[in-house]
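Colleague: Next up is a structure, given as structure tokens.
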Amino acid sequence: GDVKWPQGLLKSRQAQHMAYVASGKEAAHTILNLLRERQEAAQVLLISPGVAADRPSLADFQQWLKRQRQSPRALADAVRWAASVLESETQDEDTEIGAGSPEGCSITILTEAGETEDKVFLEELEGQGHVVRSRQLSPEESLHEEVAKEASQLLA
């Protein structure tokens, strides 16, 4: 994931303790890349890190382009942005998840009932010196309520 936008935000903040919350595969990659860039231990809550965001098809993109009434330059910028996203995703796949991030990060992984827990992902994080806690919700538990509980524990 692209770490430039959160880095700009974080440069303007001075904090002794950082906590991050990310939902989905792309966001998890972005947070782990950010930790690698910052080289500061932090507490992290990853929600469903194995779930990828829905991606529009080429046909969807072509239909969107037809509806646009913008300048050719704006459309070219949109195409360039889409290509750069695909390129960065390819590069991310080549990098081991969380590789190079600082040791001592506390990572909580929260998955919904019925989701498959990624054991390889957990082992990679633990092998890099992170304290990892994984929890799968039961069908009776509310994802929203449990995320709120976990996030408040990060900030305590």
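Lettering and numbering for the structure tokens are positional, with chains as A, B, ... in the shown order, residues counted from 1 in each chain, and ligands counted from 1 in the shown order.
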Would you kindly return, as a ChimeraX atom specification, each protein, DNA or RNA residue with an atom no farther than 12 Å from any atom of A:Val131, considering only C-alpha atoms and excluding same-chain residues fewer than 4 positions away?
Modeller: /A:41-45,102-109,122-127
Colleague: Would you mind listing what lies within 12 Å of A:Glu150 as a list in words, with only C-alpha atoms counted and same-chain residues fewer than 3 positions away left out?
Modeller: Ala19, Tyr20, Val21, Gln43, Val44, Leu45, Leu46, Ile47, Ile107, Thr108, Ile109, Leu110, Arg133, Ser134, Arg135, Leu143, His144, Glu145, Glu146, Val147, Gln153, Leu154, Leu155 and Ala156 of chain A
Colleague: Save out the residues we just selected, C-alpha atoms, as a short mmCIF file (atom, residue, chain, number, x, y, z; two decimals), in the first residue's frame.
Modeller:
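The resulting file, selection22.cif, is shown below:
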data_model
loop_
_atom_site.label_atom_id
_atom_site.label_comp_id
_atom_site.auth_asym_id
_atom_site.auth_seq_id
_atom_site.Cartn_x
_atom_site.Cartn_y
_atom_site.Cartn_z
CA ALA A 19 -2.06 2.91 17.58
CA TYR A 20 -3.29 1.99 14.09
CA VAL A 21 -6.53 0.38 12.95
CA GLN A 43 -0.05 -1.18 18.57
CA VAL A 44 -2.05 -2.34 15.58
CA LEU A 45 -5.58 -3.67 15.13
CA LEU A 46 -6.09 -5.45 11.82
CA ILE A 47 -9.70 -6.23 10.96
CA ILE A 107 -0.73 -6.69 16.56
CA THR A 108 -4.30 -7.80 17.18
CA ILE A 109 -6.07 -9.54 14.32
CA LEU A 110 -9.85 -9.63 14.43
CA ARG A 133 -3.08 -11.94 19.17
CA SER A 134 -5.71 -13.35 16.84
CA ARG A 135 -9.40 -13.55 17.63
CA LEU A 143 -18.13 -6.74 14.54
CA HIS A 144 -18.79 -3.05 15.25
CA GLU A 145 -18.99 -3.57 19.02
CA GLU A 146 -15.88 -5.77 19.11
CA VAL A 147 -13.86 -3.32 16.99
CA GLN A 153 -7.97 -1.27 24.61
CA LEU A 154 -5.31 -0.02 22.18
CA LEU A 155 -5.73 3.49 23.54
CA ALA A 156 -5.85 2.51 27.22
#
Colleague: When you draw a straight line from atom CA of A:Gln62 to atom CA of A:Ala76, how long is it in Å?
Modeller: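 Answer for the atom CA of A:Gln62 to atom CA of A:Ala76 separation: 13.1 Å.
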Colleague: For A:Leu35, please output as a ChimeraX atom specification all residues within 7 Å (counting only C-alpha atoms; exclusion window: fewer than 4 positions along the same chain).
Modeller: /A:31,39-40,101-102
Colleague: Just to be explicit: take each residue in the selection above, keep all heavy atoms, and write the result as a tab-separated table (two decimals), in the first residue's frame.
Modeller:
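result.tsv, written as the output of this step:
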chain	number	residue	atom	x	y	z
A	31	ILE	N	-0.59	-0.25	6.47
A	31	ILE	CA	-0.15	-0.02	7.85
A	31	ILE	C	1.19	-0.71	8.10
A	31	ILE	O	2.10	-0.13	8.69
A	31	ILE	CB	-1.22	-0.51	8.86
A	31	ILE	CG1	-2.46	0.37	8.78
A	31	ILE	CG2	-0.65	-0.54	10.28
A	31	ILE	CD1	-2.23	1.84	9.05
A	39	GLN	N	9.78	2.87	11.48
A	39	GLN	CA	10.66	2.14	12.40
A	39	GLN	C	10.39	2.50	13.86
A	39	GLN	O	11.30	2.74	14.64
A	39	GLN	CB	12.13	2.38	12.03
A	39	GLN	CG	12.57	1.62	10.79
A	39	GLN	CD	12.45	0.11	10.94
A	39	GLN	OE1	12.99	-0.47	11.86
A	39	GLN	NE2	11.70	-0.51	10.05
A	40	GLU	N	9.10	2.54	14.20
A	40	GLU	CA	8.68	2.76	15.59
A	40	GLU	C	7.70	1.66	15.97
A	40	GLU	O	6.77	1.38	15.21
A	40	GLU	CB	7.99	4.11	15.74
A	40	GLU	CG	8.90	5.29	15.48
A	40	GLU	CD	8.16	6.62	15.53
A	40	GLU	OE1	6.94	6.63	15.80
A	40	GLU	OE2	8.79	7.64	15.27
A	101	SER	N	9.61	-4.31	9.43
A	101	SER	CA	8.95	-3.45	10.41
A	101	SER	C	9.62	-3.65	11.76
A	101	SER	O	10.23	-4.68	12.02
A	101	SER	CB	7.45	-3.72	10.47
A	101	SER	OG	7.18	-5.07	10.73
A	102	PRO	N	9.55	-2.66	12.64
A	102	PRO	CA	10.27	-2.74	13.91
A	102	PRO	C	9.76	-3.87	14.79
A	102	PRO	O	8.57	-4.16	14.80
A	102	PRO	CB	10.01	-1.37	14.55
A	102	PRO	CG	8.77	-0.88	13.91
A	102	PRO	CD	8.76	-1.44	12.53
Colleague: Which value, in Å to one decimal, gives the distance between atom CA of A:His29 and atom CA of A:Ala59?
Modeller: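 Spanning atom CA of A:His29 to atom CA of A:Ala59 is a straight-line distance of 27.1 Å.
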Colleague: Skipping near chain neighbours, those fewer than 2 positions away, what residues fall within 7 Å of A:Pro49 using only C-alpha atoms, listed as a list in words?
Modeller: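 Counting only the stated atoms, we get Ser23, Gly24, Lys25, Ala28, Leu46, Ile47 and Val51 of chain A.
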Colleague: I need the residues from that last selection saved to file as a PDB file, in the first residue's frame (with all heavy atoms), if you can.
Modeller:
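Result file is out.pdb:
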ATOM      1  N   SER A  23      -8.666  -2.026   8.141  1.00  0.00           N
ATOM      2  CA  SER A  23      -9.650  -3.033   7.761  1.00  0.00           C
ATOM      3  C   SER A  23      -9.401  -3.483   6.329  1.00  0.00           C
ATOM      4  O   SER A  23      -9.376  -2.666   5.415  1.00  0.00           O
ATOM      5  CB  SER A  23     -11.058  -2.452   7.891  1.00  0.00           C
ATOM      6  OG  SER A  23     -12.016  -3.403   7.477  1.00  0.00           O
ATOM      7  N   GLY A  24      -9.209  -4.782   6.149  1.00  0.00           N
ATOM      8  CA  GLY A  24      -9.017  -5.333   4.819  1.00  0.00           C
ATOM      9  C   GLY A  24      -7.559  -5.527   4.465  1.00  0.00           C
ATOM     10  O   GLY A  24      -6.650  -5.037   5.134  1.00  0.00           O
ATOM     11  N   LYS A  25      -7.353  -6.253   3.390  1.00  0.00           N
ATOM     12  CA  LYS A  25      -6.014  -6.641   2.965  1.00  0.00           C
ATOM     13  C   LYS A  25      -5.154  -5.444   2.581  1.00  0.00           C
ATOM     14  O   LYS A  25      -4.012  -5.319   3.005  1.00  0.00           O
ATOM     15  CB  LYS A  25      -6.132  -7.615   1.796  1.00  0.00           C
ATOM     16  CG  LYS A  25      -4.842  -8.213   1.338  1.00  0.00           C
ATOM     17  CD  LYS A  25      -5.107  -9.256   0.263  1.00  0.00           C
ATOM     18  CE  LYS A  25      -3.845 -10.007  -0.068  1.00  0.00           C
ATOM     19  NZ  LYS A  25      -4.126 -11.128  -0.982  1.00  0.00           N
ATOM     20  N   ALA A  28      -4.235  -3.315   5.585  1.00  0.00           N
ATOM     21  CA  ALA A  28      -3.250  -4.009   6.429  1.00  0.00           C
ATOM     22  C   ALA A  28      -1.854  -3.849   5.832  1.00  0.00           C
ATOM     23  O   ALA A  28      -0.890  -3.551   6.552  1.00  0.00           O
ATOM     24  CB  ALA A  28      -3.609  -5.489   6.568  1.00  0.00           C
ATOM     25  N   LEU A  46      -5.783  -5.118  13.201  1.00  0.00           N
ATOM     26  CA  LEU A  46      -6.095  -5.454  11.816  1.00  0.00           C
ATOM     27  C   LEU A  46      -7.431  -6.187  11.794  1.00  0.00           C
ATOM     28  O   LEU A  46      -7.585  -7.226  12.431  1.00  0.00           O
ATOM     29  CB  LEU A  46      -5.006  -6.337  11.211  1.00  0.00           C
ATOM     30  CG  LEU A  46      -3.594  -5.749  11.167  1.00  0.00           C
ATOM     31  CD1 LEU A  46      -2.619  -6.767  10.584  1.00  0.00           C
ATOM     32  CD2 LEU A  46      -3.572  -4.453  10.371  1.00  0.00           C
ATOM     33  N   ILE A  47      -8.372  -5.632  11.060  1.00  0.00           N
ATOM     34  CA  ILE A  47      -9.701  -6.228  10.959  1.00  0.00           C
ATOM     35  C   ILE A  47      -9.801  -6.928   9.612  1.00  0.00           C
ATOM     36  O   ILE A  47      -9.623  -6.304   8.567  1.00  0.00           O
ATOM     37  CB  ILE A  47     -10.792  -5.147  11.072  1.00  0.00           C
ATOM     38  CG1 ILE A  47     -10.606  -4.356  12.366  1.00  0.00           C
ATOM     39  CG2 ILE A  47     -12.178  -5.768  10.997  1.00  0.00           C
ATOM     40  CD1 ILE A  47     -11.267  -3.006  12.357  1.00  0.00           C
ATOM     41  N   VAL A  51      -9.221 -10.160   3.719  1.00  0.00           N
ATOM     42  CA  VAL A  51     -10.312  -9.822   2.803  1.00  0.00           C
ATOM     43  C   VAL A  51      -9.883  -8.691   1.884  1.00  0.00           C
ATOM     44  O   VAL A  51      -9.523  -7.607   2.338  1.00  0.00           O
ATOM     45  CB  VAL A  51     -11.579  -9.413   3.596  1.00  0.00           C
ATOM     46  CG1 VAL A  51     -12.685  -8.995   2.657  1.00  0.00           C
ATOM     47  CG2 VAL A  51     -12.037 -10.562   4.487  1.00  0.00           C
TER      48      VAL A  51
END
